[in-house]
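Peer 1: Before I ask anything, let me first share the structure, which is written out below as structure tokens.
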Amino acid sequence: MSLKLNVIIGSTRPGRAGPAIGKWAAEHATKHGKFEVELVDLADFNLPLLDEPNHPRMQKYEHEHTRRWAASVASADAYLFLTPEYDYYPNAALINALQVLSLEWSFKPAGVLSYAHVSGGLRAAQELRMLISNLNMMPIPQTVPIPFFTNFIDEQKVFNPTAPMNEGLNAALDQLVSWATALKAGRQG
């Protein structure tokens, strides 16, 4: 059974670290070998704040940006959300992107890779995991926190992970494979 993983860069802020961390996460997931991996940059969709007049469960999207986002989300069997921590919470652009859709997320597993300074974004990850479960996704237990993330991005904007970061991402990917396999069979059955 073929499985697709969307690695979603959740920050849209200018000067963000998400693309550097996302590139590493997507390359690492590809080397893991269990998923077809797509790196998805939320900034490419330019999603306004909840601008669809119909409830997302109806899937009657009037705007092209929402239809493109819905198609991207629907194409995946699992997600790895990358979020910075802003004021002890995930960033607003990612929260909006999650809430603009509904059924496209259902019965799929999701992991969280968070980054910040001392906390590594764990507070944001925990809040995001709650929203993920409310959207009928399975939040995997393994999170991947990256503390002091700026110390691992060089002048060329390349993220240089430590061995524990790689190990944490491997554990998350293993959990995503297990859950994606089970949930995809359930969605098809």
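Letters A, B, ... mark the chains of the structure tokens in the order given; residue numbers begin at 1 per chain; ligand numbers begin at 1, in order shown.
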Kindly provide the residues of range 2-60 of chain A that approach range 154-176 of chain A to within 7 Å, each paired with its closest atom pair and their distance in Å to one decimal, based on only C-alpha atoms, listed by chain and increasing number, as JSON lines.
Peer 2:
```
{"residue": "A:Ala20", "atom": "CA", "partner": "A:Phe159", "partner_atom": "CA", "distance": 5.4}
{"residue": "A:Ile21", "atom": "CA", "partner": "A:Phe159", "partner_atom": "CA", "distance": 5.7}
{"residue": "A:Trp24", "atom": "CA", "partner": "A:Phe159", "partner_atom": "CA", "distance": 6.5}
```
Peer 1: Please identify every residue of range 73-105 of chain A that has at least one atom no farther than 6 Å from an atom of range 42-61 of chain A, counting only C-alpha atoms, and for each give the shortest atom pair and the distance in Å to one decimal, arranged by chain then increasing number, as a Markdown table.
Peer 2:
```
| residue | atom | partner | partner_atom | distance |
| --- | --- | --- | --- | --- |
| A:Val100 | CA | A:Leu50 | CA | 5.8 |
| A:Leu101 | CA | A:Pro56 | CA | 5.0 |
| A:Ser102 | CA | A:Arg57 | CA | 5.4 |
| A:Leu103 | CA | A:Arg57 | CA | 5.9 |
```
Peer 1: Please give the complete set of residues from range 3-126 of chain A that DSSP, run on the backbone, assigns to strand (DSSP E), formatted as number ranges by chain.
Peer 2: A: 4-9, 36-41, 78-84, 109-115
Peer 1: Restrict the selected residues to N, CA, C and O atoms and save them as a tab-separated table (two decimals), in the first residue's frame.
Peer 2:
```
chain	number	residue	atom	x	y	z
A	4	LYS	N	1.18	8.53	1.24
A	4	LYS	CA	1.71	9.87	0.97
A	4	LYS	C	1.71	10.69	2.25
A	4	LYS	O	0.72	10.73	2.97
A	5	LEU	N	2.83	11.35	2.50
A	5	LEU	CA	3.00	12.24	3.65
A	5	LEU	C	3.18	13.67	3.16
A	5	LEU	O	4.05	13.93	2.32
A	6	ASN	N	2.36	14.58	3.67
A	6	ASN	CA	2.58	16.00	3.43
A	6	ASN	C	3.30	16.58	4.64
A	6	ASN	O	2.79	16.50	5.76
A	7	VAL	N	4.48	17.12	4.41
A	7	VAL	CA	5.22	17.86	5.42
A	7	VAL	C	4.82	19.31	5.22
A	7	VAL	O	5.13	19.91	4.18
A	8	ILE	N	4.08	19.88	6.18
A	8	ILE	CA	3.46	21.19	5.99
A	8	ILE	C	4.19	22.26	6.81
A	8	ILE	O	4.21	22.20	8.04
A	9	ILE	N	4.79	23.20	6.10
A	9	ILE	CA	5.43	24.35	6.73
A	9	ILE	C	4.32	25.29	7.17
A	9	ILE	O	3.62	25.87	6.33
A	36	GLU	N	5.72	8.42	0.12
A	36	GLU	CA	5.93	9.41	-0.93
A	36	GLU	C	5.78	10.74	-0.18
A	36	GLU	O	4.78	10.94	0.52
A	37	VAL	N	6.75	11.62	-0.28
A	37	VAL	CA	6.77	12.83	0.54
A	37	VAL	C	6.60	14.07	-0.33
A	37	VAL	O	7.23	14.20	-1.38
A	38	GLU	N	5.74	14.96	0.14
A	38	GLU	CA	5.59	16.26	-0.50
A	38	GLU	C	5.79	17.35	0.55
A	38	GLU	O	5.15	17.32	1.60
A	39	LEU	N	6.67	18.28	0.25
A	39	LEU	CA	6.88	19.44	1.11
A	39	LEU	C	5.87	20.50	0.69
A	39	LEU	O	5.87	20.95	-0.46
A	40	VAL	N	5.00	20.89	1.60
A	40	VAL	CA	3.92	21.84	1.31
A	40	VAL	C	4.18	23.10	2.14
A	40	VAL	O	4.25	23.03	3.36
A	41	ASP	N	4.29	24.22	1.44
A	41	ASP	CA	4.52	25.50	2.12
A	41	ASP	C	3.20	26.25	2.18
A	41	ASP	O	2.64	26.65	1.15
A	78	ALA	N	-1.13	11.13	5.51
A	78	ALA	CA	-0.59	11.51	6.81
A	78	ALA	C	0.03	12.90	6.67
A	78	ALA	O	0.34	13.34	5.56
A	79	TYR	N	0.19	13.56	7.82
A	79	TYR	CA	0.72	14.92	7.84
A	79	TYR	C	1.79	15.05	8.93
A	79	TYR	O	1.67	14.45	9.99
A	80	LEU	N	2.77	15.88	8.63
A	80	LEU	CA	3.73	16.31	9.64
A	80	LEU	C	3.67	17.83	9.61
A	80	LEU	O	4.06	18.46	8.62
A	81	PHE	N	3.09	18.42	10.66
A	81	PHE	CA	2.95	19.87	10.76
A	81	PHE	C	4.17	20.46	11.42
A	81	PHE	O	4.58	20.01	12.49
A	82	LEU	N	4.74	21.49	10.81
A	82	LEU	CA	5.87	22.22	11.37
A	82	LEU	C	5.32	23.54	11.91
A	82	LEU	O	4.72	24.31	11.15
A	83	THR	N	5.52	23.77	13.19
A	83	THR	CA	5.01	25.00	13.78
A	83	THR	C	6.03	25.67	14.68
A	83	THR	O	6.66	25.01	15.50
A	84	PRO	N	6.18	26.99	14.52
A	84	PRO	CA	6.90	27.74	15.54
A	84	PRO	C	5.97	27.94	16.73
A	84	PRO	O	4.78	27.65	16.63
A	109	PRO	N	-3.51	10.28	10.26
A	109	PRO	CA	-2.63	10.62	11.38
A	109	PRO	C	-1.84	11.89	11.11
A	109	PRO	O	-1.58	12.23	9.96
A	110	ALA	N	-1.46	12.54	12.19
A	110	ALA	CA	-0.67	13.76	12.07
A	110	ALA	C	0.35	13.83	13.19
A	110	ALA	O	0.06	13.49	14.33
A	111	GLY	N	1.53	14.26	12.83
A	111	GLY	CA	2.60	14.51	13.79
A	111	GLY	C	2.92	15.98	13.83
A	111	GLY	O	2.55	16.74	12.92
A	112	VAL	N	3.61	16.39	14.90
A	112	VAL	CA	3.97	17.80	15.06
A	112	VAL	C	5.47	17.91	15.30
A	112	VAL	O	6.02	17.25	16.18
A	113	LEU	N	6.09	18.74	14.50
A	113	LEU	CA	7.48	19.13	14.70
A	113	LEU	C	7.42	20.61	15.08
A	113	LEU	O	6.91	21.42	14.32
A	114	SER	N	7.87	20.93	16.27
A	114	SER	CA	7.78	22.30	16.76
A	114	SER	C	9.17	22.87	16.99
A	114	SER	O	10.12	22.13	17.25
A	115	TYR	N	9.25	24.18	16.90
A	115	TYR	CA	10.54	24.83	17.14
A	115	TYR	C	10.33	26.17	17.83
A	115	TYR	O	9.35	26.87	17.59
```
Peer 1: Which value, in Å to one decimal, gives the distance between CA of Glu104 in chain A and CA of Ala74 in chain A?
Peer 2: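 Between these atoms lies a distance of 4.9 Å.
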Peer 1: Chain A: which residues are alpha helix (DSSP H) by DSSP, as a PyMOL selection string?
Peer 2: chain A and resi 18-32+64-74+92-99+122-134+163-188
Peer 1: For each of A:Pro90, A:His63, A:Arg187, A:Val73, take the minimum atom-to-atom distance to Arg123 in chain A, counting only C-alpha atoms, then give the residue where this is smallest.
Peer 2: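 The shortest atom-to-atom distance to Arg123 in chain A comes from A:Pro90.
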